[in-house]
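Just data-v8.tsv here, TSV, C-alpha atoms:
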```tsv
chain	number	residue	atom	x	y	z
U	1	MET	CA	0.00	0.00	0.00
U	2	PRO	CA	1.39	3.48	-0.82
U	3	ARG	CA	3.03	5.34	2.03
U	4	ALA	CA	0.77	8.36	1.63
U	5	SER	CA	-2.31	6.35	2.65
U	6	HIS	CA	-0.73	5.57	6.02
U	7	GLU	CA	0.08	9.17	6.94
U	8	PRO	CA	-3.40	10.39	7.99
U	9	THR	CA	-3.89	7.26	10.15
U	10	LEU	CA	-0.49	7.57	11.81
U	11	ALA	CA	-0.99	11.28	12.46
U	12	ARG	CA	-4.43	10.63	13.96
U	13	GLN	CA	-3.24	7.81	16.19
U	14	TRP	CA	-0.25	9.81	17.37
U	15	GLU	CA	-2.60	12.68	18.21
U	16	LEU	CA	-4.88	10.24	20.01
U	17	LEU	CA	-2.03	9.08	22.26
U	18	LYS	CA	-1.33	12.69	23.22
U	19	LEU	CA	-4.96	13.18	24.24
U	20	LEU	CA	-5.04	10.28	26.70
U	21	PRO	CA	-4.98	11.27	30.39
U	22	SER	CA	-2.56	9.58	32.78
U	23	ARG	CA	-5.06	8.67	35.45
U	24	HIS	CA	-8.38	6.94	36.11
U	25	PRO	CA	-11.20	7.18	34.96
U	26	GLY	CA	-9.80	8.31	31.61
U	27	LYS	CA	-11.62	9.68	28.57
U	28	THR	CA	-14.33	7.90	26.65
U	29	ALA	CA	-14.07	7.13	22.95
U	30	ARG	CA	-16.72	9.76	22.26
U	31	GLU	CA	-14.79	12.43	24.19
U	32	LEU	CA	-11.60	11.51	22.36
U	33	CYS	CA	-13.47	11.59	19.07
U	34	GLU	CA	-14.59	15.16	19.79
U	35	ARG	CA	-11.06	16.21	20.75
U	36	LEU	CA	-9.66	14.66	17.57
U	37	ASP	CA	-12.25	16.47	15.51
U	38	ALA	CA	-11.21	19.77	17.13
U	39	ALA	CA	-7.59	18.96	16.23
U	40	GLY	CA	-8.53	18.47	12.60
U	41	HIS	CA	-9.05	14.70	12.43
U	42	ALA	CA	-12.67	14.01	11.48
U	43	VAL	CA	-13.36	10.37	12.46
U	44	THR	CA	-16.18	8.31	13.87
U	45	LYS	CA	-16.42	6.98	17.40
U	46	ARG	CA	-16.03	3.47	16.02
U	47	THR	CA	-12.74	4.40	14.33
U	48	VAL	CA	-11.45	5.81	17.62
U	49	GLU	CA	-12.40	2.58	19.40
U	50	ARG	CA	-10.50	0.55	16.81
U	51	ASP	CA	-7.48	2.85	17.13
U	52	LEU	CA	-7.49	2.50	20.92
U	53	THR	CA	-7.66	-1.28	20.73
U	54	GLU	CA	-4.82	-1.37	18.21
U	55	LEU	CA	-2.65	1.07	20.19
U	56	SER	CA	-3.21	-0.82	23.45
U	57	ARG	CA	-1.29	-3.76	21.96
U	58	ILE	CA	1.84	-1.57	21.68
U	59	PHE	CA	1.52	1.18	24.28
U	60	PRO	CA	0.65	1.03	28.01
U	61	LEU	CA	-3.03	1.89	27.60
U	62	LEU	CA	-5.67	0.85	30.10
U	63	ARG	CA	-9.44	0.77	29.84
U	64	ASN	CA	-11.68	1.52	32.80
U	65	GLU	CA	-14.37	-1.15	32.67
U	66	ILE	CA	-16.11	-0.34	35.95
U	67	SER	CA	-18.95	1.42	34.20
U	68	GLN	CA	-19.99	2.34	30.70
U	69	PRO	CA	-19.03	4.27	28.69
U	70	TYR	CA	-15.50	2.96	29.22
U	71	GLY	CA	-12.68	5.41	29.78
U	72	TRP	CA	-9.19	5.06	28.32
U	73	TYR	CA	-6.00	6.30	29.96
U	74	LEU	CA	-2.27	5.71	30.15
U	75	ARG	CA	-1.01	3.32	32.81
U	76	PRO	CA	0.07	5.33	35.90
U	77	GLY	CA	3.80	5.95	35.80
U	78	ALA	CA	4.07	5.16	32.11
U	79	GLN	CA	6.19	7.53	30.03
U	80	ILE	CA	5.69	8.05	26.31
U	81	ASP	CA	8.01	10.44	24.50
U	82	PHE	CA	5.96	12.52	22.10
U	83	PRO	CA	8.30	14.10	19.58
U	84	GLY	CA	6.97	16.38	16.91
U	85	ILE	CA	4.19	18.94	16.98
U	86	ASP	CA	0.45	18.67	16.68
U	87	LEU	CA	-1.66	20.19	13.92
U	88	ALA	CA	-2.63	23.29	15.91
U	89	GLU	CA	1.04	24.06	16.56
U	90	ALA	CA	1.92	23.50	12.91
U	91	VAL	CA	-0.77	25.91	11.69
U	92	SER	CA	0.12	28.52	14.33
U	93	LEU	CA	3.85	28.38	13.60
U	94	GLY	CA	3.20	28.72	9.89
U	95	LEU	CA	1.22	31.91	10.46
U	96	LEU	CA	3.64	33.39	13.00
U	97	GLU	CA	6.97	32.65	11.34
U	98	ASP	CA	7.42	35.98	9.52
U	99	LEU	CA	6.38	38.06	12.53
U	100	LEU	CA	8.59	36.12	14.92
U	101	ARG	CA	11.64	36.77	12.75
U	102	GLN	CA	11.25	40.48	13.48
U	103	LEU	CA	10.69	40.16	17.23
U	104	VAL	CA	12.70	37.13	18.39
U	105	PRO	CA	16.51	37.26	18.74
U	106	PRO	CA	18.33	35.37	15.95
U	107	THR	CA	19.88	32.93	18.42
U	108	PHE	CA	16.38	31.91	19.49
U	109	MET	CA	15.19	31.73	15.89
U	110	GLU	CA	17.99	29.31	15.07
U	111	SER	CA	16.61	26.92	17.66
U	112	LEU	CA	13.14	27.30	16.12
U	113	GLU	CA	14.15	26.63	12.53
U	114	GLY	CA	13.64	22.90	13.04
U	115	ARG	CA	10.15	23.57	14.40
U	116	PHE	CA	9.25	25.71	11.40
U	117	THR	CA	10.47	22.98	9.05
U	118	GLU	CA	8.58	20.37	11.03
U	119	ALA	CA	5.44	22.51	10.87
U	120	ARG	CA	5.67	22.77	7.08
U	121	GLU	CA	6.21	19.01	6.75
U	122	LYS	CA	3.31	18.31	9.10
U	123	LEU	CA	0.92	20.36	6.97
U	124	LYS	CA	2.30	18.88	3.77
U	125	ALA	CA	1.78	15.35	5.09
U	126	LEU	CA	-1.93	16.00	5.71
U	127	PRO	CA	-3.16	17.38	2.38
U	128	GLN	CA	-6.70	16.11	2.94
U	129	ASN	CA	-7.05	17.69	6.39
U	130	ALA	CA	-9.07	20.90	6.31
U	131	PHE	CA	-7.02	22.50	9.08
U	132	SER	CA	-3.78	22.02	7.14
U	133	LYS	CA	-5.16	24.49	4.58
U	134	TRP	CA	-5.96	27.16	7.18
U	135	ALA	CA	-2.94	29.32	6.25
U	136	ASP	CA	-4.28	29.37	2.66
U	137	VAL	CA	-7.58	30.96	3.67
U	138	VAL	CA	-6.65	33.54	6.34
U	139	ARG	CA	-4.73	36.79	5.98
U	140	TYR	CA	-4.12	39.88	8.09
U	141	ILE	CA	-4.73	43.06	6.10
U	142	SER	CA	-3.66	46.45	7.44
U	143	PRO	CA	-6.61	48.86	7.76
U	144	GLY	CA	-4.54	51.53	6.02
U	145	LEU	CA	-2.85	51.62	2.65
U	146	PRO	CA	-0.87	48.36	2.36
U	147	LEU	CA	2.84	49.22	2.45
U	148	PRO	CA	5.75	46.79	2.21
U	149	PRO	CA	7.90	46.70	5.36
U	150	PRO	CA	11.07	48.80	5.16
U	151	SER	CA	14.34	46.94	4.68
U	152	ILE	CA	16.30	46.21	7.86
U	153	LYS	CA	19.90	45.07	7.82
U	154	PRO	CA	20.14	41.64	9.51
U	155	ASP	CA	23.32	42.58	11.40
U	156	VAL	CA	21.64	45.74	12.71
U	157	LEU	CA	18.60	43.81	13.94
U	158	ARG	CA	20.86	41.26	15.61
U	159	ALA	CA	22.85	44.01	17.35
U	160	VAL	CA	19.65	45.68	18.58
U	161	GLN	CA	18.30	42.42	19.96
U	162	ASP	CA	21.64	41.55	21.58
U	163	ALA	CA	21.80	44.98	23.22
U	164	LEU	CA	18.33	44.49	24.67
U	165	LEU	CA	19.15	41.00	25.94
U	166	GLN	CA	22.48	41.97	27.48
U	167	ARG	CA	21.28	45.43	28.57
U	168	CYS	CA	24.30	47.05	26.96
U	169	GLN	CA	24.69	50.40	25.25
U	170	LEU	CA	24.52	50.53	21.47
U	171	LYS	CA	26.45	52.83	19.15
U	172	VAL	CA	24.54	53.47	15.95
U	173	SER	CA	24.72	55.44	12.73
U	174	TYR	CA	21.20	56.87	12.43
U	175	THR	CA	19.42	59.08	9.91
U	176	SER	CA	16.40	60.88	11.33
U	177	ALA	CA	13.27	61.32	9.22
U	178	GLY	CA	13.80	64.25	6.87
U	179	ALA	CA	17.55	64.42	7.53
U	180	THR	CA	20.08	64.06	4.73
U	181	ALA	CA	23.04	62.84	6.77
U	182	ALA	CA	23.46	60.17	9.40
U	183	LYS	CA	24.52	60.94	12.95
U	184	GLU	CA	26.44	58.76	15.38
U	185	LEU	CA	24.51	58.14	18.60
U	186	VAL	CA	25.09	56.09	21.73
U	187	LEU	CA	21.76	54.59	22.78
U	188	HIS	CA	20.50	53.00	25.97
U	189	PRO	CA	18.03	50.38	24.62
U	190	ILE	CA	14.80	49.85	26.53
U	191	ALA	CA	12.40	47.88	24.32
U	192	LEU	CA	11.63	46.68	20.80
U	193	ILE	CA	8.21	47.69	19.46
U	194	GLN	CA	6.61	46.36	16.28
U	195	GLN	CA	4.08	48.86	14.94
U	196	GLY	CA	2.43	47.59	11.79
U	197	GLU	CA	5.14	47.13	9.17
U	198	ARG	CA	7.76	49.08	11.13
U	199	SER	CA	10.07	48.10	13.98
U	200	TYR	CA	11.18	50.68	16.54
U	201	LEU	CA	13.83	50.66	19.23
U	202	LEU	CA	12.71	52.53	22.33
U	203	ALA	CA	15.81	54.08	23.89
U	204	SER	CA	17.36	57.10	25.55
U	205	THR	CA	20.60	58.62	24.33
U	206	TYR	CA	23.74	59.83	26.08
U	207	GLN	CA	22.93	61.41	29.47
U	208	TYR	CA	19.30	62.25	28.68
U	209	ASP	CA	16.35	60.39	30.22
U	210	THR	CA	13.78	61.12	27.51
U	211	LEU	CA	12.67	57.95	25.73
U	212	ILE	CA	12.61	58.15	21.94
U	213	GLN	CA	11.51	55.63	19.31
U	214	TYR	CA	14.21	55.01	16.72
U	215	ALA	CA	13.11	53.40	13.45
U	216	ILE	CA	15.35	50.37	13.04
U	217	HIS	CA	15.35	50.62	9.25
U	218	ARG	CA	17.03	54.05	9.62
U	219	ILE	CA	19.95	52.52	11.53
U	220	HIS	CA	22.72	51.96	8.99
U	221	ALA	CA	25.25	50.40	11.37
U	222	ALA	CA	25.15	49.26	14.97
U	223	GLU	CA	27.88	48.26	17.40
U	224	LEU	CA	27.34	46.58	20.75
U	225	LEU	CA	29.27	48.36	23.52
U	226	ALA	CA	30.58	46.89	26.76
U	227	GLU	CA	29.12	49.65	28.93
U	228	ARG	CA	25.90	48.89	30.79
U	229	ALA	CA	22.76	50.63	29.48
U	230	LYS	CA	20.82	52.74	31.94
U	231	ARG	CA	17.18	51.88	32.45
U	232	PRO	CA	14.53	53.83	34.41
U	233	LYS	CA	13.88	51.94	37.64
U	234	SER	CA	10.12	52.31	37.49
U	235	PHE	CA	9.77	51.77	33.74
U	236	SER	CA	7.04	49.41	32.56
U	237	LEU	CA	6.59	48.76	28.85
U	238	ASP	CA	2.89	47.96	29.35
U	239	THR	CA	2.38	51.26	31.19
U	240	PHE	CA	4.30	53.13	28.50
U	241	LEU	CA	2.06	51.68	25.78
U	242	ALA	CA	-1.14	52.18	27.79
U	243	GLN	CA	-0.26	55.86	28.19
U	244	GLY	CA	0.08	56.25	24.44
U	245	GLY	CA	3.85	56.34	24.35
U	246	ALA	CA	4.00	54.40	21.08
U	247	GLN	CA	1.66	56.88	19.38
U	248	PHE	CA	4.42	59.50	18.97
U	249	GLY	CA	3.02	61.95	21.48
U	250	GLN	CA	3.78	63.27	24.94
U	251	GLY	CA	1.08	61.22	26.63
U	252	ALA	CA	-1.23	64.22	27.23
U	253	THR	CA	-4.93	63.35	27.40
U	254	ILE	CA	-7.57	65.48	25.70
U	255	ALA	CA	-11.35	65.49	25.56
U	256	LEU	CA	-12.09	65.13	21.86
U	257	LYS	CA	-15.42	66.38	20.50
U	258	ALA	CA	-16.23	66.09	16.82
U	259	HIS	CA	-19.01	65.76	14.28
U	260	LEU	CA	-19.03	62.50	12.32
U	261	SER	CA	-20.53	61.34	9.06
U	262	GLU	CA	-22.99	58.49	9.33
U	263	GLU	CA	-20.45	56.09	7.76
U	264	LEU	CA	-17.70	56.97	10.25
U	265	ALA	CA	-20.15	56.95	13.17
U	266	THR	CA	-21.11	53.39	12.24
U	267	ILE	CA	-17.47	52.30	12.21
U	268	LEU	CA	-16.68	53.95	15.56
U	269	ARG	CA	-19.74	52.46	17.21
U	270	GLU	CA	-18.22	49.07	16.40
U	271	THR	CA	-14.58	49.98	17.17
U	272	ALA	CA	-14.50	52.77	19.74
U	273	LEU	CA	-11.70	55.32	20.06
U	274	SER	CA	-11.78	55.01	23.86
U	275	PRO	CA	-13.66	53.20	26.66
U	276	ASP	CA	-15.67	56.36	27.50
U	277	GLN	CA	-16.59	57.15	23.89
U	278	GLN	CA	-20.12	58.38	23.29
U	279	ILE	CA	-21.85	59.15	19.99
U	280	THR	CA	-25.11	61.07	20.12
U	281	THR	CA	-27.36	61.95	17.20
U	282	ARG	CA	-29.39	65.14	17.17
U	283	ALA	CA	-30.94	67.04	14.27
U	284	GLY	CA	-29.30	64.62	11.86
U	285	LYS	CA	-25.77	65.22	13.22
U	286	ASN	CA	-23.59	62.62	14.94
U	287	THR	CA	-21.48	64.06	17.74
U	288	LEU	CA	-18.54	62.16	19.17
U	289	THR	CA	-17.02	62.68	22.63
U	290	ALA	CA	-14.03	60.60	23.74
U	291	THR	CA	-11.00	60.88	26.00
U	292	VAL	CA	-7.93	60.17	23.85
U	293	LYS	CA	-4.17	60.72	23.77
U	294	ASP	CA	-3.04	63.81	21.87
U	295	SER	CA	-0.57	62.25	19.49
U	296	TRP	CA	0.76	62.28	15.96
U	297	GLN	CA	-1.28	59.17	15.27
U	298	LEU	CA	-4.48	60.93	16.35
U	299	HIS	CA	-3.74	63.88	14.04
U	300	PHE	CA	-2.90	61.51	11.18
U	301	TRP	CA	-6.16	59.60	11.72
U	302	ILE	CA	-8.27	62.78	11.77
U	303	LEU	CA	-6.65	64.07	8.57
U	304	SER	CA	-7.09	60.68	6.90
U	305	GLN	CA	-10.87	60.88	7.44
U	306	GLY	CA	-11.18	64.03	5.33
U	307	PRO	CA	-14.76	65.36	5.21
U	308	PHE	CA	-16.09	62.57	7.42
U	309	VAL	CA	-14.94	64.20	10.69
U	310	THR	CA	-15.02	67.78	11.94
U	311	VAL	CA	-13.10	68.57	15.13
U	312	LEU	CA	-15.00	70.85	17.51
U	313	GLN	CA	-12.88	70.64	20.66
U	314	PRO	CA	-10.30	71.21	21.97
U	315	SER	CA	-9.86	74.48	20.09
U	316	SER	CA	-6.06	74.02	19.90
U	317	LEU	CA	-6.47	70.74	18.03
U	318	ARG	CA	-9.14	72.25	15.78
U	319	LYS	CA	-6.75	75.09	14.84
U	320	GLN	CA	-3.94	72.61	14.07
U	321	ILE	CA	-6.20	70.52	11.83
U	322	VAL	CA	-7.50	73.63	10.02
U	323	SER	CA	-3.93	74.80	9.45
U	324	GLN	CA	-2.84	71.42	8.10
U	325	LEU	CA	-5.86	71.17	5.81
U	326	LYS	CA	-5.19	74.66	4.42
U	327	ALA	CA	-1.57	73.72	3.81
U	328	ALA	CA	-2.67	70.56	2.04
U	329	LEU	CA	-5.19	72.46	-0.09
U	330	SER	CA	-2.54	74.98	-1.12
U	331	ASN	CA	-0.67	72.15	-2.81
U	332	TYR	CA	-3.52	71.81	-5.28
```
Go ahead and render the structure in this file as structure tokens.
Amino acid sequence: MPRASHEPTLARQWELLKLLPSRHPGKTARELCERLDAAGHAVTKRTVERDLTELSRIFPLLRNEISQPYGWYLRPGAQIDFPGIDLAEAVSLGLLEDLLRQLVPPTFMESLEGRFTEAREKLKALPQNAFSKWADVVRYISPGLPLPPPSIKPDVLRAVQDALLQRCQLKVSYTSAGATAAKELVLHPIALIQQGERSYLLASTYQYDTLIQYAIHRIHAAELLAERAKRPKSFSLDTFLAQGGAQFGQGATIALKAHLSEELATILRETALSPDQQITTRAGKNTLTATVKDSWQLHFWILSQGPFVTVLQPSSLRKQIVSQLKAALSNY
């Protein structure tokens, strides 16, 4: 019989062994059938019963026959080495591989290469399994204009990750946005932040305490230094992000009030700008109130909505938006 016909059965039975508990009263064939189905192996209860009987001739399986339905479990103290990965892991690794390469240090990725290969082989070996095709039918699409990620030098990314791991200072050649020449900086790395297609190094520089996000694709060269990097004692990355630090602002909170088009009001009712957001409708006008961080990202979002949003308050933000819209219009 061709080898390919054995693969689904072997994969199913191996998965079945992993599902067996190690103590009494065990799991019934029906329970195991449901678990197998959730793992991507659609079989009948009768098939599971046959598998269990067959496997019990080779592995230390026991059947609880005190009462029906019978439960199956591994003999107490028995050890079965389960190499390989299951279908859920294979699908997940396949979807995460590209993202992980940006966030995980290269030394860690080297140890995962075998898992990625194993995941691909696992999916390839189960062509008839619906779950093995999951990566073919799901995609993440950015809500904005789809842009390819900027190019990052592998040695630069490695140096950044090493500096974070070892908590060492990092000397870089960096070109700021809009600048024509690179500058040499000594950074104190704090965190690595992936924002959409872009990767940023959160760091302070020289003797200053201000935390700045440095776009990693703008780092042309990086050298790990022996000196210890300074790190704020009370710093928390989660707190930094919750306060809007990654939105390119100063963390100031404002009470935003604006008129919305019906289309934008519908979208924001489903995906609110803030927990306290309210949208009221009166005389055919939708009015938004929300407490948000005053940031570059907020300004960019407002400008991207064009005629669908009109800022009412705060007046300082309204004036900034009016000024930017006039400047944009003058280009035409």
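If all atoms listed in the file are the atoms counted, then among U:Glu97, U:Asp209, U:Asp155, U:Glu197 the closest residue to Thr117 (chain U) is U:Glu97.
Minimum atom-to-atom distances from U:Pro25, U:Leu99, U:Leu192, U:Glu89 to Arg120 (chain U) were compared using all atoms listed in the file, and the lowest value belongs to U:Glu89.
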Straight-line distance linking CA of Ser151 (chain U) with CA of Leu187 (chain U), stated in Å to one decimal: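 These atoms are spaced 21.0 Å apart.
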Distance in Å - CA of Ser315 (chain U) versus CA of Asp294 (chain U): 12.8 Å
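Using only C-alpha atoms, the shortest contact distance between Lys285 (chain U) and any of U:His259, U:Lys171, U:His41, U:Arg101 is found at U:His259.
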CA of Ala90 (chain U) to CA of Leu32 (chain U), distance in Å rounded to a single decimal: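 Interatomic distance, CA of Ala90 (chain U) to CA of Leu32 (chain U): 20.4 Å.
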Exercise: Arg35 (chain U) partners within 12 Å, all atoms listed in the file, chain neighbours under 2 positions left out, as number ranges by chain: U: 12, 15-20, 27-33, 37-45, 48
Closest of U:Leu62, U:Ile302, U:Ala258, U:Ala221 to Gly26 (chain U) - atom-to-atom distances counting all atoms listed in the file: U:Leu62
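The closest residue to Lys153 (chain U), picked from U:Arg198, U:Arg318, U:His220, U:Lys122 and counting only C-alpha atoms, is U:His220.
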Residue with smallest distance to Pro21 (chain U) - pool U:Arg63, U:Arg50, U:Arg282, U:Arg57, counting only C-alpha atoms: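 Among the listed residues, the smallest separation from Pro21 (chain U) belongs to U:Arg63.
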Residues within 10 Å of (13.2, 53.5, 32.1), counting only C-alpha atoms, listed as an MDAnalysis selection string: chainID U and resid 188:191 202:204 209:211 230:237 240
Step by step: locate region 193-290 of chain U in the block above, keep C-alpha atoms, then write the file as a PDB file, in the first residue's frame.
```pdb
ATOM      1  CA  ILE U 193       8.211  47.690  19.462  1.00  0.00           C
ATOM      2  CA  GLN U 194       6.614  46.358  16.279  1.00  0.00           C
ATOM      3  CA  GLN U 195       4.082  48.860  14.937  1.00  0.00           C
ATOM      4  CA  GLY U 196       2.432  47.588  11.786  1.00  0.00           C
ATOM      5  CA  GLU U 197       5.139  47.129   9.166  1.00  0.00           C
ATOM      6  CA  ARG U 198       7.762  49.082  11.134  1.00  0.00           C
ATOM      7  CA  SER U 199      10.069  48.101  13.980  1.00  0.00           C
ATOM      8  CA  TYR U 200      11.178  50.682  16.539  1.00  0.00           C
ATOM      9  CA  LEU U 201      13.834  50.662  19.232  1.00  0.00           C
ATOM     10  CA  LEU U 202      12.712  52.527  22.327  1.00  0.00           C
ATOM     11  CA  ALA U 203      15.806  54.078  23.890  1.00  0.00           C
ATOM     12  CA  SER U 204      17.359  57.103  25.546  1.00  0.00           C
ATOM     13  CA  THR U 205      20.601  58.624  24.334  1.00  0.00           C
ATOM     14  CA  TYR U 206      23.737  59.835  26.084  1.00  0.00           C
ATOM     15  CA  GLN U 207      22.933  61.410  29.468  1.00  0.00           C
ATOM     16  CA  TYR U 208      19.300  62.255  28.675  1.00  0.00           C
ATOM     17  CA  ASP U 209      16.353  60.393  30.219  1.00  0.00           C
ATOM     18  CA  THR U 210      13.784  61.120  27.506  1.00  0.00           C
ATOM     19  CA  LEU U 211      12.674  57.949  25.734  1.00  0.00           C
ATOM     20  CA  ILE U 212      12.612  58.149  21.939  1.00  0.00           C
ATOM     21  CA  GLN U 213      11.515  55.634  19.310  1.00  0.00           C
ATOM     22  CA  TYR U 214      14.207  55.006  16.725  1.00  0.00           C
ATOM     23  CA  ALA U 215      13.106  53.398  13.452  1.00  0.00           C
ATOM     24  CA  ILE U 216      15.352  50.372  13.044  1.00  0.00           C
ATOM     25  CA  HIS U 217      15.354  50.624   9.249  1.00  0.00           C
ATOM     26  CA  ARG U 218      17.034  54.045   9.620  1.00  0.00           C
ATOM     27  CA  ILE U 219      19.947  52.522  11.532  1.00  0.00           C
ATOM     28  CA  HIS U 220      22.717  51.962   8.993  1.00  0.00           C
ATOM     29  CA  ALA U 221      25.251  50.398  11.365  1.00  0.00           C
ATOM     30  CA  ALA U 222      25.149  49.256  14.972  1.00  0.00           C
ATOM     31  CA  GLU U 223      27.884  48.256  17.397  1.00  0.00           C
ATOM     32  CA  LEU U 224      27.344  46.584  20.749  1.00  0.00           C
ATOM     33  CA  LEU U 225      29.271  48.362  23.521  1.00  0.00           C
ATOM     34  CA  ALA U 226      30.580  46.885  26.759  1.00  0.00           C
ATOM     35  CA  GLU U 227      29.116  49.650  28.933  1.00  0.00           C
ATOM     36  CA  ARG U 228      25.895  48.894  30.787  1.00  0.00           C
ATOM     37  CA  ALA U 229      22.764  50.626  29.485  1.00  0.00           C
ATOM     38  CA  LYS U 230      20.815  52.742  31.939  1.00  0.00           C
ATOM     39  CA  ARG U 231      17.177  51.883  32.450  1.00  0.00           C
ATOM     40  CA  PRO U 232      14.533  53.832  34.409  1.00  0.00           C
ATOM     41  CA  LYS U 233      13.881  51.940  37.642  1.00  0.00           C
ATOM     42  CA  SER U 234      10.123  52.315  37.493  1.00  0.00           C
ATOM     43  CA  PHE U 235       9.775  51.768  33.744  1.00  0.00           C
ATOM     44  CA  SER U 236       7.038  49.411  32.557  1.00  0.00           C
ATOM     45  CA  LEU U 237       6.590  48.756  28.848  1.00  0.00           C
ATOM     46  CA  ASP U 238       2.889  47.960  29.349  1.00  0.00           C
ATOM     47  CA  THR U 239       2.377  51.259  31.185  1.00  0.00           C
ATOM     48  CA  PHE U 240       4.297  53.133  28.499  1.00  0.00           C
ATOM     49  CA  LEU U 241       2.065  51.677  25.783  1.00  0.00           C
ATOM     50  CA  ALA U 242      -1.142  52.181  27.791  1.00  0.00           C
ATOM     51  CA  GLN U 243      -0.263  55.863  28.193  1.00  0.00           C
ATOM     52  CA  GLY U 244       0.077  56.248  24.437  1.00  0.00           C
ATOM     53  CA  GLY U 245       3.854  56.341  24.348  1.00  0.00           C
ATOM     54  CA  ALA U 246       3.997  54.403  21.078  1.00  0.00           C
ATOM     55  CA  GLN U 247       1.663  56.880  19.383  1.00  0.00           C
ATOM     56  CA  PHE U 248       4.416  59.499  18.969  1.00  0.00           C
ATOM     57  CA  GLY U 249       3.016  61.953  21.477  1.00  0.00           C
ATOM     58  CA  GLN U 250       3.783  63.270  24.941  1.00  0.00           C
ATOM     59  CA  GLY U 251       1.083  61.219  26.627  1.00  0.00           C
ATOM     60  CA  ALA U 252      -1.234  64.220  27.228  1.00  0.00           C
ATOM     61  CA  THR U 253      -4.928  63.354  27.404  1.00  0.00           C
ATOM     62  CA  ILE U 254      -7.567  65.481  25.698  1.00  0.00           C
ATOM     63  CA  ALA U 255     -11.353  65.489  25.556  1.00  0.00           C
ATOM     64  CA  LEU U 256     -12.093  65.133  21.857  1.00  0.00           C
ATOM     65  CA  LYS U 257     -15.422  66.385  20.505  1.00  0.00           C
ATOM     66  CA  ALA U 258     -16.229  66.092  16.816  1.00  0.00           C
ATOM     67  CA  HIS U 259     -19.007  65.762  14.285  1.00  0.00           C
ATOM     68  CA  LEU U 260     -19.025  62.502  12.321  1.00  0.00           C
ATOM     69  CA  SER U 261     -20.525  61.343   9.064  1.00  0.00           C
ATOM     70  CA  GLU U 262     -22.988  58.490   9.329  1.00  0.00           C
ATOM     71  CA  GLU U 263     -20.451  56.087   7.759  1.00  0.00           C
ATOM     72  CA  LEU U 264     -17.699  56.969  10.249  1.00  0.00           C
ATOM     73  CA  ALA U 265     -20.146  56.953  13.167  1.00  0.00           C
ATOM     74  CA  THR U 266     -21.114  53.391  12.245  1.00  0.00           C
ATOM     75  CA  ILE U 267     -17.468  52.305  12.213  1.00  0.00           C
ATOM     76  CA  LEU U 268     -16.676  53.953  15.559  1.00  0.00           C
ATOM     77  CA  ARG U 269     -19.744  52.460  17.212  1.00  0.00           C
ATOM     78  CA  GLU U 270     -18.219  49.070  16.399  1.00  0.00           C
ATOM     79  CA  THR U 271     -14.579  49.983  17.172  1.00  0.00           C
ATOM     80  CA  ALA U 272     -14.497  52.768  19.738  1.00  0.00           C
ATOM     81  CA  LEU U 273     -11.696  55.317  20.061  1.00  0.00           C
ATOM     82  CA  SER U 274     -11.777  55.014  23.863  1.00  0.00           C
ATOM     83  CA  PRO U 275     -13.658  53.202  26.659  1.00  0.00           C
ATOM     84  CA  ASP U 276     -15.671  56.356  27.502  1.00  0.00           C
ATOM     85  CA  GLN U 277     -16.586  57.146  23.889  1.00  0.00           C
ATOM     86  CA  GLN U 278     -20.122  58.378  23.288  1.00  0.00           C
ATOM     87  CA  ILE U 279     -21.847  59.145  19.993  1.00  0.00           C
ATOM     88  CA  THR U 280     -25.112  61.068  20.119  1.00  0.00           C
ATOM     89  CA  THR U 281     -27.364  61.949  17.200  1.00  0.00           C
ATOM     90  CA  ARG U 282     -29.388  65.137  17.174  1.00  0.00           C
ATOM     91  CA  ALA U 283     -30.944  67.040  14.267  1.00  0.00           C
ATOM     92  CA  GLY U 284     -29.301  64.623  11.856  1.00  0.00           C
ATOM     93  CA  LYS U 285     -25.766  65.216  13.220  1.00  0.00           C
ATOM     94  CA  ASN U 286     -23.592  62.620  14.936  1.00  0.00           C
ATOM     95  CA  THR U 287     -21.477  64.064  17.740  1.00  0.00           C
ATOM     96  CA  LEU U 288     -18.536  62.157  19.173  1.00  0.00           C
ATOM     97  CA  THR U 289     -17.023  62.677  22.627  1.00  0.00           C
ATOM     98  CA  ALA U 290     -14.027  60.599  23.743  1.00  0.00           C
TER      99      ALA U 290
END
```
